[in-house]
Amino acid sequence: MKWLALLLLPAAMVAIEVQPWFGDVYEFHFLQSYAYSWFNSVQHSRPHYHHFFQSNLFYSGLEFSPSPVWDVDGDIQFADTTAVSFNFRSIAAQVRYLWLDDIIGDSISLATGGSARFTATSSLKDVSCPSHGNMDFELNFSLGKEFDAADTWRFRAWMFGALGHANRGSPWVRAIASIEMNRDDVHKWAVYASGINGYGRHTHINVDHFFGYARVREKAIDLGIRYGHGAGVWGTLRVDYVRRVLAKSAPQNVNTFIVSWLLPFSI
């Protein structure tokens, strides 16, 4: 079934949809995730930050395709971190259009879209929060290719790119690339990389007076692996591990474990 295209959406951890495949028309996809992260330092911080920092992120997302070529989705996040007690973090909405679909015979799948995210002011003071300003806007694209075996896909590869700007500061670009494998729609594996490059003029982070990454020249690359187990109509349970391998003007050597559950349903 086509909703299986959503069973391995990557990380960038927990975020709105990024893959170039949409779900079945009039079907919802409900995602619940919990992510635990920790790190011990922030690269280019002033004063130097070398303390244990942990983050608990709770995520709820809902996606809906009103037609074969249109897709809308949104999410809401709550966080409890060393810097900020449990509180609302952010809420986002996205609209995307599918130009090409390799599932119905095109050579590749290609989708473009736009998103907006509102982040609470209290969360912008948290160096572990990736938001740039109170309002983050992005234009994005994604493209990919599936390789089928019998009545389902066996392997696929795809990439995502976005150009963003907040209500203040400088723009950024980010990207995700993923290779995935599927066995009988039950066992699913993925390896992926995600990165971001900000164009702010500040090369140092003032940890004591931090207020988002809008003016920070941040750079980060994360590598992740995932295993998902499909349970038919009960959805898919997934486990991720993500490790930050490069950081400039950002938290470094970040470790993240993610547990998530994706449930497709119709009303």
# chains A, B, ... in the order shown; residues from 1 in each chain; ligands from 1
$ residues_around --residues "Gln94 (chain A)" --least-positions-apart "6" --cutoff "10 Å" --atoms "only C-alpha atoms" --output "PDB file with N, CA and C atoms, in the first residue's frame"
ATOM      1  N   ILE A  16       8.150  17.730  10.338  1.00  0.00           N
ATOM      2  CA  ILE A  16       7.119  17.528   9.335  1.00  0.00           C
ATOM      3  C   ILE A  16       7.682  16.735   8.165  1.00  0.00           C
ATOM      4  N   GLU A  17       6.801  16.178   7.346  1.00  0.00           N
ATOM      5  CA  GLU A  17       7.162  15.202   6.325  1.00  0.00           C
ATOM      6  C   GLU A  17       8.165  15.757   5.312  1.00  0.00           C
ATOM      7  N   GLU A  63      -0.780  13.898   9.167  1.00  0.00           N
ATOM      8  CA  GLU A  63      -0.647  14.161   7.728  1.00  0.00           C
ATOM      9  C   GLU A  63      -1.897  13.686   7.003  1.00  0.00           C
ATOM     10  N   ASP A  71      -0.618  17.368  -0.471  1.00  0.00           N
ATOM     11  CA  ASP A  71      -0.403  16.783   0.841  1.00  0.00           C
ATOM     12  C   ASP A  71      -0.268  17.913   1.865  1.00  0.00           C
ATOM     13  N   VAL A  72      -0.952  17.784   2.996  1.00  0.00           N
ATOM     14  CA  VAL A  72      -0.847  18.763   4.073  1.00  0.00           C
ATOM     15  C   VAL A  72      -0.502  18.031   5.361  1.00  0.00           C
ATOM     16  N   ASP A  73       0.334  18.642   6.172  1.00  0.00           N
ATOM     17  CA  ASP A  73       0.656  18.017   7.448  1.00  0.00           C
ATOM     18  C   ASP A  73       1.070  19.081   8.451  1.00  0.00           C
ATOM     19  N   GLY A  74       1.061  18.691   9.714  1.00  0.00           N
ATOM     20  CA  GLY A  74       1.431  19.604  10.784  1.00  0.00           C
ATOM     21  C   GLY A  74       1.934  18.819  11.984  1.00  0.00           C
ATOM     22  N   ASP A  75       2.565  19.535  12.910  1.00  0.00           N
ATOM     23  CA  ASP A  75       3.036  18.886  14.127  1.00  0.00           C
ATOM     24  C   ASP A  75       3.004  19.856  15.293  1.00  0.00           C
ATOM     25  N   GLY A 113       7.325  22.164  -1.765  1.00  0.00           N
ATOM     26  CA  GLY A 113       6.372  22.673  -0.784  1.00  0.00           C
ATOM     27  C   GLY A 113       6.916  23.828   0.022  1.00  0.00           C
ATOM     28  N   GLY A 114       6.103  24.246   0.981  1.00  0.00           N
ATOM     29  CA  GLY A 114       6.486  25.314   1.888  1.00  0.00           C
ATOM     30  C   GLY A 114       5.953  25.030   3.272  1.00  0.00           C
ATOM     31  N   SER A 115       6.671  25.502   4.290  1.00  0.00           N
ATOM     32  CA  SER A 115       6.265  25.254   5.669  1.00  0.00           C
ATOM     33  C   SER A 115       6.508  26.478   6.526  1.00  0.00           C
ATOM     34  N   ALA A 116       5.809  26.534   7.643  1.00  0.00           N
ATOM     35  CA  ALA A 116       5.989  27.593   8.632  1.00  0.00           C
ATOM     36  C   ALA A 116       5.948  26.967  10.018  1.00  0.00           C
ATOM     37  N   ARG A 117       6.834  27.438  10.904  1.00  0.00           N
ATOM     38  CA  ARG A 117       6.890  26.919  12.274  1.00  0.00           C
ATOM     39  C   ARG A 117       6.936  28.085  13.257  1.00  0.00           C
ATOM     40  N   PHE A 137      10.324  30.031   8.271  1.00  0.00           N
ATOM     41  CA  PHE A 137       9.670  29.707   7.003  1.00  0.00           C
ATOM     42  C   PHE A 137      10.666  28.970   6.103  1.00  0.00           C
ATOM     43  N   GLU A 138      10.171  27.949   5.380  1.00  0.00           N
ATOM     44  CA  GLU A 138      11.026  27.198   4.466  1.00  0.00           C
ATOM     45  C   GLU A 138      10.308  26.910   3.150  1.00  0.00           C
ATOM     46  N   LEU A 139      11.076  26.947   2.061  1.00  0.00           N
ATOM     47  CA  LEU A 139      10.678  26.390   0.771  1.00  0.00           C
ATOM     48  C   LEU A 139      11.518  25.143   0.565  1.00  0.00           C
TER      49      LEU A 139
END
$ select_by_dssp --residues "region 61-219 of chain A" --states "strand (DSSP E or B)" --output "ChimeraX atom specification"
/A:61-64,70-81,87-100,109-119,135-149,152-166,172-183,187-198,202,205-206,216,219
$ closest_residue --among "A:Ser90, A:Ser128, A:Ser260, A:Gly161" --to "His229 (chain A)" --atoms "only C-alpha atoms"
A:Ser260
$ atom_distance --atom1 "CA of Gln43 (chain A)" --atom2 "CA of Gly133 (chain A)"
20.3 Å
$ residues_around --residues "Thr236 (chain A)" --least-positions-apart "3" --cutoff "6 Å" --atoms "only C-alpha atoms" --output "list of chain:residue names"
A:His229, A:Gly230, A:Ala231, A:Trp261, A:Leu262
$ residues_around --residues "Pro20 (chain A)" --least-positions-apart "2" --cutoff "7 Å" --atoms "only C-alpha atoms" --output "PyMOL selection string"
chain A and resi 18+22+109-111+142-144
$ closest_residue --among "A:Val207, A:Ile179, A:Leu246, A:Ala190" --to "Val127 (chain A)" --atoms "only C-alpha atoms"
A:Val207
$ atom_distance --atom1 "CA of Trp153 (chain A)" --atom2 "CA of Met181 (chain A)"
8.1 Å
$ closest_residue --among "A:Ser45, A:Ser266, A:Thr119, A:Asn253" --to "His209 (chain A)" --atoms "only C-alpha atoms"
A:Ser45
$ residues_around --residues "Arg156 (chain A)" --least-positions-apart "3" --cutoff "12 Å" --atoms "only C-alpha atoms" --output "ChimeraX atom specification"
/A:5,8,19-21,102-103,108-109,143-149,152-153,159,177-182,188-192
$ write_last_selection --atoms "C-alpha atoms" --output "PDB file, in the first residue's frame"
ATOM      1  CA  ALA A   5       6.102   5.364   1.858  1.00  0.00           C
ATOM      2  CA  LEU A   8      10.615   5.507   7.390  1.00  0.00           C
ATOM      3  CA  GLN A  19       9.867  12.311   1.649  1.00  0.00           C
ATOM      4  CA  PRO A  20       8.739  12.581  -2.019  1.00  0.00           C
ATOM      5  CA  TRP A  21       5.908  10.063  -1.630  1.00  0.00           C
ATOM      6  CA  ASP A 102       7.621   6.933  -9.746  1.00  0.00           C
ATOM      7  CA  ILE A 103       4.989   4.662  -8.183  1.00  0.00           C
ATOM      8  CA  ILE A 108      11.503   9.604 -10.178  1.00  0.00           C
ATOM      9  CA  SER A 109       9.264  11.156  -7.535  1.00  0.00           C
ATOM     10  CA  LEU A 143      13.128  13.640  -4.905  1.00  0.00           C
ATOM     11  CA  GLY A 144      13.565   9.895  -4.779  1.00  0.00           C
ATOM     12  CA  LYS A 145      13.423   6.544  -6.516  1.00  0.00           C
ATOM     13  CA  GLU A 146      11.985   3.193  -5.438  1.00  0.00           C
ATOM     14  CA  PHE A 147      13.142  -0.238  -6.627  1.00  0.00           C
ATOM     15  CA  ASP A 148      10.303  -2.737  -6.431  1.00  0.00           C
ATOM     16  CA  ALA A 149      10.219  -6.442  -5.655  1.00  0.00           C
ATOM     17  CA  THR A 152       6.157  -3.747  -2.671  1.00  0.00           C
ATOM     18  CA  TRP A 153       9.363  -1.727  -2.741  1.00  0.00           C
ATOM     19  CA  MET A 159      16.975  13.401  -0.735  1.00  0.00           C
ATOM     20  CA  ALA A 177      19.737  12.039   2.258  1.00  0.00           C
ATOM     21  CA  SER A 178      18.530   8.502   2.979  1.00  0.00           C
ATOM     22  CA  ILE A 179      18.921   4.930   1.743  1.00  0.00           C
ATOM     23  CA  GLU A 180      16.261   2.432   2.879  1.00  0.00           C
ATOM     24  CA  MET A 181      15.444  -1.256   2.659  1.00  0.00           C
ATOM     25  CA  ASN A 182      12.130  -3.022   3.164  1.00  0.00           C
ATOM     26  CA  LYS A 188      12.469  -1.823   7.501  1.00  0.00           C
ATOM     27  CA  TRP A 189      15.943  -0.317   7.795  1.00  0.00           C
ATOM     28  CA  ALA A 190      17.371   3.086   6.951  1.00  0.00           C
ATOM     29  CA  VAL A 191      20.662   4.950   7.110  1.00  0.00           C
ATOM     30  CA  TYR A 192      20.563   8.700   6.651  1.00  0.00           C
TER      31      TYR A 192
END
$ residues_around --residues "Thr121 (chain A)" --least-positions-apart "6" --cutoff "9 Å" --atoms "only C-alpha atoms" --output "count of residues only"
4
